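Engineer: Contents of run_8.pdb (PDB, C-alpha atoms) are below:
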MODEL        1
ATOM      1  CA  MET A   1      25.827  27.182 -11.173
ATOM      2  CA  ALA A   2      25.260  26.208  -7.533
ATOM      3  CA  TYR A   3      22.023  28.192  -7.498
ATOM      4  CA  GLN A   4      20.782  26.386 -10.631
ATOM      5  CA  GLU A   5      21.527  23.000  -9.067
ATOM      6  CA  GLU A   6      19.708  23.970  -5.878
ATOM      7  CA  GLU A   7      16.759  25.214  -7.883
ATOM      8  CA  GLN A   8      16.621  21.956  -9.838
ATOM      9  CA  LEU A   9      16.649  19.925  -6.636
ATOM     10  CA  ARG A  10      13.921  22.095  -5.165
ATOM     11  CA  LEU A  11      11.739  21.582  -8.221
ATOM     12  CA  LYS A  12      12.441  17.845  -8.072
ATOM     13  CA  ARG A  13      11.300  17.731  -4.457
ATOM     14  CA  GLN A  14       8.128  19.606  -5.347
ATOM     15  CA  SER A  15       7.400  17.281  -8.276
ATOM     16  CA  SER A  16       8.125  14.175  -6.195
ATOM     17  CA  LYS A  17       5.814  15.428  -3.466
ATOM     18  CA  GLN A  18       3.118  16.036  -6.085
ATOM     19  CA  ALA A  19       3.618  12.547  -7.557
ATOM     20  CA  VAL A  20       3.255  10.942  -4.134
ATOM     21  CA  SER A  21       0.132  12.989  -3.355
ATOM     22  CA  LEU A  22      -1.472  11.967  -6.660
ATOM     23  CA  ALA A  23      -0.731   8.320  -5.914
ATOM     24  CA  MET A  24      -2.171   8.597  -2.423
ATOM     25  CA  GLU A  25      -5.349  10.046  -3.965
ATOM     26  CA  GLY A  26      -5.556   7.302  -6.597
ATOM     27  CA  ARG A  27      -5.029   9.750  -9.486
ATOM     28  CA  TRP A  28      -2.775   7.332 -11.313
ATOM     29  CA  GLN A  29      -2.853   8.780 -14.843
ATOM     30  CA  GLU A  30      -1.773  12.167 -13.517
ATOM     31  CA  ALA A  31       0.895  10.411 -11.452
ATOM     32  CA  VAL A  32       2.247   8.847 -14.650
ATOM     33  CA  GLU A  33       2.706  12.244 -16.282
ATOM     34  CA  VAL A  34       4.392  13.832 -13.260
ATOM     35  CA  ASN A  35       6.823  10.948 -12.799
ATOM     36  CA  LYS A  36       7.693  10.934 -16.492
ATOM     37  CA  LYS A  37       8.565  14.630 -16.256
ATOM     38  CA  ILE A  38      10.821  13.925 -13.282
ATOM     39  CA  ILE A  39      12.553  11.146 -15.214
ATOM     40  CA  ASP A  40      13.101  13.466 -18.179
ATOM     41  CA  GLN A  41      15.122  15.732 -15.876
ATOM     42  CA  PHE A  42      16.622  13.008 -13.664
ATOM     43  CA  PRO A  43      16.931   9.814 -15.759
ATOM     44  CA  ASN A  44      18.462   7.799 -12.894
ATOM     45  CA  ASP A  45      15.838   8.589 -10.263
ATOM     46  CA  VAL A  46      14.971   5.139  -8.889
ATOM     47  CA  GLU A  47      12.053   6.382  -6.807
ATOM     48  CA  ALA A  48      10.443   8.030  -9.836
ATOM     49  CA  PHE A  49      10.696   4.776 -11.815
ATOM     50  CA  ASN A  50       9.173   2.838  -8.914
ATOM     51  CA  ARG A  51       6.306   5.322  -8.672
ATOM     52  CA  LEU A  52       5.834   5.198 -12.445
ATOM     53  CA  GLY A  53       5.713   1.401 -12.355
ATOM     54  CA  ARG A  54       3.143   1.472  -9.571
ATOM     55  CA  ALA A  55       0.967   3.938 -11.499
ATOM     56  CA  TYR A  56       1.048   1.763 -14.624
ATOM     57  CA  LEU A  57       0.308  -1.311 -12.516
ATOM     58  CA  GLU A  58      -2.738   0.383 -11.007
ATOM     59  CA  LEU A  59      -3.897   1.386 -14.495
ATOM     60  CA  ALA A  60      -3.416  -2.239 -15.646
ATOM     61  CA  ILE A  61      -0.900  -1.114 -18.298
ATOM     62  CA  TYR A  62       1.383  -4.011 -17.514
ATOM     63  CA  PRO A  63       3.991  -3.740 -20.336
ATOM     64  CA  GLU A  64       4.811  -0.166 -19.323
ATOM     65  CA  ALA A  65       4.902  -1.181 -15.657
ATOM     66  CA  ILE A  66       7.454  -3.875 -16.494
ATOM     67  CA  VAL A  67       9.602  -1.353 -18.366
ATOM     68  CA  ALA A  68       9.551   1.091 -15.456
ATOM     69  CA  TYR A  69      10.332  -1.476 -12.767
ATOM     70  CA  THR A  70      13.022  -3.087 -14.930
ATOM     71  CA  ARG A  71      14.733   0.286 -15.307
ATOM     72  CA  ALA A  72      14.525   0.829 -11.533
ATOM     73  CA  ARG A  73      16.204  -2.537 -10.987
ATOM     74  CA  GLU A  74      18.894  -1.713 -13.547
ATOM     75  CA  ILE A  75      19.742   1.479 -11.673
ATOM     76  CA  ASP A  76      19.557  -0.268  -8.296
ATOM     77  CA  PRO A  77      19.961  -4.075  -8.546
ATOM     78  CA  TYR A  78      18.947  -4.440  -4.889
ATOM     79  CA  ASN A  79      15.699  -2.517  -5.248
ATOM     80  CA  VAL A  80      13.168  -4.602  -3.307
ATOM     81  CA  ILE A  81      10.084  -2.763  -4.583
ATOM     82  CA  ALA A  82      11.038  -3.219  -8.231
ATOM     83  CA  GLU A  83      11.937  -6.889  -7.724
ATOM     84  CA  LYS A  84       8.692  -7.691  -5.921
ATOM     85  CA  ASN A  85       6.499  -5.984  -8.502
ATOM     86  CA  LEU A  86       8.322  -7.526 -11.452
ATOM     87  CA  HIS A  87       7.570 -10.903  -9.888
ATOM     88  CA  ARG A  88       3.922  -9.860  -9.467
ATOM     89  CA  LEU A  89       3.766  -8.825 -13.125
ATOM     90  CA  GLU A  90       5.334 -12.125 -14.174
ATOM     91  CA  VAL A  91       2.555 -13.977 -12.359
ATOM     92  CA  LEU A  92      -0.078 -11.805 -14.019
ATOM     93  CA  SER A  93       1.383 -12.635 -17.428
ATOM     94  CA  LYS A  94       1.578 -16.381 -16.737
ATOM     95  CA  GLU A  95      -1.977 -16.471 -15.406
ATOM     96  CA  ASN A  96      -3.209 -14.567 -18.464
ATOM     97  CA  THR A  97      -4.946 -12.246 -16.044
ATOM     98  CA  THR A  98      -6.808  -9.276 -17.417
ATOM     99  CA  ALA A  99      -8.181  -6.472 -15.310
ATOM    100  CA  GLY A 100      -9.198  -2.893 -15.674
ATOM    101  CA  PRO A 101      -7.692  -0.095 -13.630
ATOM    102  CA  VAL A 102      -8.301  -0.225  -9.901
ATOM    103  CA  ILE A 103      -8.625   3.345  -8.669
ATOM    104  CA  HIS A 104      -8.489   3.717  -4.928
ATOM    105  CA  ARG A 105      -7.467   6.355  -2.468
ATOM    106  CA  VAL A 106      -4.717   5.290  -0.105
ATOM    107  CA  GLN A 107      -5.067   6.563   3.437
ATOM    108  CA  PRO A 108      -1.875   6.302   5.542
ATOM    109  CA  GLN A 109      -3.940   5.877   8.715
ATOM    110  CA  ASP A 110      -5.338   2.655   7.252
ATOM    111  CA  PHE A 111      -1.965   1.075   8.017
ATOM    112  CA  LEU A 112      -1.892   1.954  11.710
ATOM    113  CA  GLU A 113      -3.416  -0.302  14.328
ATOM    114  CA  GLU A 114      -5.358   1.103  17.236
ATOM    115  CA  ILE A 115      -5.483  -1.094  20.312
ATOM    116  CA  GLY A 116      -8.781  -2.947  20.452
ATOM    117  CA  LYS A 117     -10.057  -1.231  17.288
ATOM    118  CA  ALA A 118      -7.962  -2.873  14.561
ATOM    119  CA  GLY A 119      -5.973  -6.001  13.865
ATOM    120  CA  VAL A 120      -3.608  -7.358  11.237
ATOM    121  CA  ILE A 121      -4.811 -10.646   9.768
ATOM    122  CA  ASN A 122      -2.968 -13.160   7.591
ATOM    123  CA  LEU A 123      -5.812 -14.609   5.501
ATOM    124  CA  THR A 124      -6.307 -18.325   4.912
ATOM    125  CA  ARG A 125      -7.965 -20.293   2.077
ATOM    126  CA  LEU A 126      -6.579 -17.864  -0.455
ATOM    127  CA  ALA A 127      -7.845 -17.157  -3.960
ATOM    128  CA  PRO A 128      -5.918 -18.397  -7.037
ATOM    129  CA  LYS A 129      -2.549 -16.777  -7.769
ATOM    130  CA  GLY A 130      -3.860 -14.810 -10.739
ATOM    131  CA  VAL A 131      -6.439 -13.099  -8.539
ATOM    132  CA  LEU A 132      -3.975 -12.317  -5.746
ATOM    133  CA  ALA A 133      -1.442 -10.914  -8.216
ATOM    134  CA  ARG A 134      -3.860  -8.061  -8.956
ATOM    135  CA  ILE A 135      -4.053  -7.040  -5.303
ATOM    136  CA  VAL A 136      -1.724  -4.309  -4.034
ATOM    137  CA  ALA A 137      -1.156  -2.569  -0.717
ATOM    138  CA  GLY A 138      -3.829   0.043  -0.084
ATOM    139  CA  ASP A 139      -6.673  -1.773  -1.829
ATOM    140  CA  GLN A 140      -9.959  -1.377   0.033
ATOM    141  CA  LEU A 141     -11.754  -4.680   0.604
ATOM    142  CA  CYS A 142     -15.146  -5.907   1.780
ATOM    143  CA  LEU A 143     -16.142  -8.375   4.486
ATOM    144  CA  ARG A 144     -18.868 -10.974   3.925
ATOM    145  CA  ILE A 145     -20.420 -13.250   6.530
ATOM    146  CA  ASP A 146     -21.138 -16.810   5.388
ATOM    147  CA  GLY A 147     -22.371 -18.881   8.292
ATOM    148  CA  ALA A 148     -19.510 -19.152  10.781
ATOM    149  CA  ASN A 149     -16.969 -17.859   8.264
ATOM    150  CA  LEU A 150     -15.885 -14.304   7.511
ATOM    151  CA  TRP A 151     -14.657 -13.890   3.955
ATOM    152  CA  VAL A 152     -12.673 -11.006   2.480
ATOM    153  CA  GLU A 153     -13.530  -9.879  -1.054
ATOM    154  CA  ASN A 154     -12.302  -7.237  -3.478
ATOM    155  CA  CYS A 155     -14.573  -4.460  -4.717
ATOM    156  CA  GLY A 156     -15.593  -6.670  -7.655
ATOM    157  CA  GLY A 157     -16.965  -9.384  -5.363
ATOM    158  CA  GLU A 158     -14.113 -11.850  -5.897
ATOM    159  CA  VAL A 159     -13.256 -13.890  -2.810
ATOM    160  CA  LEU A 160      -9.654 -13.299  -1.740
ATOM    161  CA  GLY A 161      -9.413 -15.299   1.454
ATOM    162  CA  MET A 162     -10.908 -16.096   4.830
ATOM    163  CA  VAL A 163     -10.318 -14.615   8.279
ATOM    164  CA  ASP A 164      -9.096 -17.218  10.784
ATOM    165  CA  ILE A 165     -11.834 -18.986  12.752
ATOM    166  CA  PRO A 166     -11.327 -17.381  16.210
ATOM    167  CA  THR A 167     -11.255 -13.850  14.772
ATOM    168  CA  SER A 168     -14.174 -14.617  12.447
ATOM    169  CA  LYS A 169     -16.278 -15.832  15.356
ATOM    170  CA  ARG A 170     -15.578 -12.695  17.366
ATOM    171  CA  LEU A 171     -16.138 -10.225  14.519
ATOM    172  CA  ILE A 172     -19.286 -11.921  13.217
ATOM    173  CA  LYS A 173     -20.841 -11.668  16.663
ATOM    174  CA  LEU A 174     -19.970  -7.963  16.844
ATOM    175  CA  MET A 175     -21.135  -7.300  13.274
ATOM    176  CA  LYS A 176     -24.481  -8.936  13.991
ATOM    177  CA  GLY A 177     -24.636  -6.690  17.044
ATOM    178  CA  GLY A 178     -24.341  -3.613  14.843
ATOM    179  CA  ASN A 179     -20.597  -2.942  14.566
ATOM    180  CA  LYS A 180     -19.111  -2.005  11.186
ATOM    181  CA  TYR A 181     -15.620  -2.698   9.847
ATOM    182  CA  SER A 182     -13.339  -1.802   6.941
ATOM    183  CA  ALA A 183     -10.523  -3.898   5.488
ATOM    184  CA  THR A 184      -7.368  -2.735   3.720
ATOM    185  CA  VAL A 185      -4.518  -4.675   2.123
ATOM    186  CA  ILE A 186      -1.188  -4.274   3.904
ATOM    187  CA  SER A 187       0.842  -6.665   1.764
ATOM    188  CA  SER A 188       0.235  -9.368  -0.784
ATOM    189  CA  ASN A 189       1.819 -11.798  -3.178
ATOM    190  CA  GLU A 190       0.550 -14.960  -4.849
ATOM    191  CA  GLU A 191       1.061 -16.976  -1.657
ATOM    192  CA  LYS A 192       0.130 -14.539   1.127
ATOM    193  CA  LEU A 193      -2.409 -11.804   1.758
ATOM    194  CA  VAL A 194      -2.185  -9.656   4.888
ATOM    195  CA  VAL A 195      -4.969  -7.202   5.670
ATOM    196  CA  ILE A 196      -5.791  -4.802   8.456
ATOM    197  CA  ILE A 197      -9.400  -4.888   9.647
ATOM    198  CA  ARG A 198     -10.535  -1.760  11.431
ATOM    199  CA  GLU A 199     -13.629  -1.016  13.486
ATOM    200  CA  THR A 200     -15.322   1.996  11.860
ATOM    201  CA  PHE A 201     -18.484   2.073  13.951
ATOM    202  CA  GLN A 202     -19.266   0.678  17.388
ATOM    203  CA  HIS A 203     -22.909   0.056  18.137
ATOM    204  CA  PRO A 204     -24.009   1.338  21.560
ATOM    205  CA  SER A 205     -24.877  -2.229  22.545
ATOM    206  CA  GLN A 206     -21.224  -3.215  22.004
ATOM    207  CA  MET A 207     -19.795  -0.320  24.003
ATOM    208  CA  GLY A 208     -16.683  -1.297  25.908
ATOM    209  CA  ILE A 209     -16.194  -4.574  24.007
ATOM    210  CA  PRO A 210     -12.883  -4.546  22.079
ATOM    211  CA  SER A 211     -13.027  -5.880  18.537
ATOM    212  CA  PHE A 212      -9.529  -7.300  18.753
ATOM    213  CA  SER A 213      -7.288  -8.751  21.395
ATOM    214  CA  SER A 214      -4.167  -6.740  22.185
ATOM    215  CA  ARG A 215      -1.975  -9.779  21.573
ATOM    216  CA  GLY A 216      -1.240 -12.118  18.727
ATOM    217  CA  LEU A 217      -3.127 -10.426  15.920
ATOM    218  CA  SER A 218      -0.031  -9.878  13.831
ATOM    219  CA  LYS A 219       0.719 -13.591  13.757
ATOM    220  CA  SER A 220      -0.713 -15.864  11.126
ATOM    221  CA  SER A 221      -3.634 -18.111  11.928
ATOM    222  CA  ALA A 222      -1.196 -21.001  12.047
ATOM    223  CA  GLY A 223       0.659 -19.324  14.885
ATOM    224  CA  THR A 224       3.838 -18.613  12.954
ATOM    225  CA  GLU A 225       5.834 -15.469  13.542
ATOM    226  CA  PRO A 226       5.877 -12.669  10.932
ATOM    227  CA  ASP A 227       8.963 -12.547   8.732
ATOM    228  CA  GLU A 228      11.786 -10.027   9.058
ATOM    229  CA  SER A 229      10.084  -7.539   6.735
ATOM    230  CA  TYR A 230       7.842  -6.523   9.629
ATOM    231  CA  LYS A 231       8.531  -3.575  11.891
ATOM    232  CA  GLU A 232       6.998  -2.397  15.131
ATOM    233  CA  GLU A 233       4.298   0.269  14.933
ATOM    234  CA  GLY A 234       2.410   1.298  18.027
ATOM    235  CA  GLY A 235       3.011  -1.999  19.795
ATOM    236  CA  TYR A 236       2.158  -4.140  16.768
ATOM    237  CA  GLU A 237       4.154  -5.523  13.882
ATOM    238  CA  ILE A 238       3.197  -4.297  10.427
ATOM    239  CA  GLU A 239       4.878  -5.232   7.174
ATOM    240  CA  VAL A 240       6.667  -2.409   5.399
ATOM    241  CA  ASP A 241       5.151  -2.056   1.944
ATOM    242  CA  GLU A 242       5.327   0.296  -1.003
ATOM    243  CA  THR A 243       2.271   2.314  -0.027
ATOM    244  CA  GLU A 244       3.580   2.921   3.479
ATOM    245  CA  LEU A 245       6.888   4.014   1.975
ATOM    246  CA  MET A 246       5.001   6.497  -0.219
ATOM    247  CA  ALA A 247       3.371   7.974   2.853
ATOM    248  CA  GLU A 248       6.729   8.237   4.627
ATOM    249  CA  GLU A 249       8.286   9.769   1.513
ATOM    250  CA  ALA A 250       5.533  12.380   1.332
ATOM    251  CA  GLU A 251       6.086  13.323   4.960
ATOM    252  CA  ALA A 252       9.874  13.481   4.571
ATOM    253  CA  GLU A 253       9.729  15.583   1.416
ATOM    254  CA  SER A 254       7.206  17.906   2.988
ATOM    255  CA  GLN A 255       9.517  18.426   5.947
ATOM    256  CA  THR A 256      12.529  19.002   3.685
ATOM    257  CA  TYR A 257      10.613  21.551   1.647
ATOM    258  CA  THR A 258       9.519  23.348   4.812
ATOM    259  CA  ASP A 259      13.097  23.440   6.088
ATOM    260  CA  ASP A 260      14.247  24.998   2.823
ATOM    261  CA  GLU A 261      11.567  27.665   3.096
ATOM    262  CA  ASN A 262      12.541  28.441   6.660
ATOM    263  CA  GLU A 263      16.198  28.788   5.754
ATOM    264  CA  GLY A 264      15.294  31.359   3.142
ATOM    265  CA  ASP A 265      17.973  30.063   0.747
ATOM    266  CA  LEU A 266      15.522  29.130  -1.998
ATOM    267  CA  GLU A 267      12.801  31.169  -3.564
ATOM    268  CA  VAL A 268       9.313  29.840  -2.954
TER     269      VAL A 268
ENDMDL
END
Starting from the file, give its structure as structure tokens.
Structural biologist:
Amino acid sequence: MAYQEEEQLRLKRQSSKQAVSLAMEGRWQEAVEVNKKIIDQFPNDVEAFNRLGRAYLELAIYPEAIVAYTRAREIDPYNVIAEKNLHRLEVLSKENTTAGPVIHRVQPQDFLEEIGKAGVINLTRLAPKGVLARIVAGDQLCLRIDGANLWVENCGGEVLGMVDIPTSKRLIKLMKGGNKYSATVISSNEEKLVVIIRETFQHPSQMGIPSFSSRGLSKSSAGTEPDESYKEEGGYEIEVDETELMAEEAEAESQTYTDDENEGDLEV
């Protein structure tokens, strides 16, 4: 009996690791199937319901996403991820927002700042709530120069918000000098959008010029402090979000699985 329980837990860890990997690769339909299989075996697995809800949300299958997140909240009434996404889905419903699936590959390194090379920006002049409700952590964004302003857009060309004036001025100058940048969503709701902008190419003419100051980039353009949901990461403060938790979960499960193999108690 003990062996069967251990074997079940081992298979659960393997399936969970697979589900996380599929999500990180943007293979959301496959992630749905794997998480549903986990739930069939472990009907009270909160993490599986959260992952299932996220997969349905990415596929724009909102009714099923609501069901999954609601079940996660029933199992764990204090589940922050489920609560936040149910609120997001409520906004989508009220705004009558329709959207097709957004398939993107989440890279954990996109959430780490590198001194001088990346900065966390709280965007201003935000898009309408219905547009922001479709944005989730990990979405890859585009930067567009418009005069003295630097705008952030989604892959469909919709304007999401503007980079604060001092940062815009600095980045526009460097972009016109040949530098290139990427932008990734760290966290979002209908009233706030936080992105990390990362230097992906430095033109030889800009050699030695940092793209970002080493101070103050994690504060909003209004100068307010980040809320308590932020944590320190490499000297900066980055909001903990569902995608980052997926990356941490993948690493933890991988380590647990390796430990089991090393102990030799479970058959590989």
Engineer: If we draw a sphere of 9 Å around (-6.5, -5.3, -4.6), which residues have at least one atom in it when counting all atoms listed in the file? Please report them as a PyMOL selection string.
Structural biologist: chain A and resi 102+131-141+154-155+184-185+188
Engineer: Give me the residues within 10 Å of Val67 (chain A) as a PyMOL selection string, counting only C-alpha atoms and dropping any in the same chain fewer than 5 places off.
Structural biologist: chain A and resi 49+52-53+56+62+72-73+86
Engineer: Go through A:Ala23, A:Ile75, A:Ala127, A:Leu171 one by one, measure the shortest atom-to-atom distance of each to Ala148 (chain A) using only C-alpha atoms, and give the residue with the smallest value.
Structural biologist: A:Leu171
Engineer: Could you pull the residues within 6 Å of region 172-182 of chain A, counting all atoms listed in the file, minus those fewer than 3 positions along the same chain, as a PDB file with C-alpha atoms, in the frame of the given file?
Structural biologist:
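Result saved to result38.pdb:
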ATOM      1  CA  SER A 168     -14.174 -14.617  12.447  1.00  0.00           C
ATOM      2  CA  LYS A 169     -16.278 -15.832  15.356  1.00  0.00           C
ATOM      3  CA  ILE A 197      -9.400  -4.888   9.647  1.00  0.00           C
ATOM      4  CA  ARG A 198     -10.535  -1.760  11.431  1.00  0.00           C
ATOM      5  CA  GLU A 199     -13.629  -1.016  13.486  1.00  0.00           C
ATOM      6  CA  THR A 200     -15.322   1.996  11.860  1.00  0.00           C
ATOM      7  CA  PHE A 201     -18.484   2.073  13.951  1.00  0.00           C
ATOM      8  CA  GLN A 202     -19.266   0.678  17.388  1.00  0.00           C
ATOM      9  CA  HIS A 203     -22.909   0.056  18.137  1.00  0.00           C
TER      10      HIS A 203
END
Engineer: Hey, can you check how far CA of Ile38 (chain A) sits from CA of Tyr69 (chain A)?
Structural biologist: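 Interatomic distance, CA of Ile38 (chain A) to CA of Tyr69 (chain A): 15.4 Å.
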Engineer: Between A:Ile209, A:Val152, A:Leu22, A:Val46, single out the one closest to Val80 (chain A), counting all atoms listed in the file.
Structural biologist: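 Among the listed residues, the smallest separation from Val80 (chain A) belongs to A:Val46.
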Engineer: So the first atom is CA of Val91 (chain A) and the second is CA of Glu190 (chain A); what is the distance between them in Å, to one decimal place?
Structural biologist: 7.8 Å
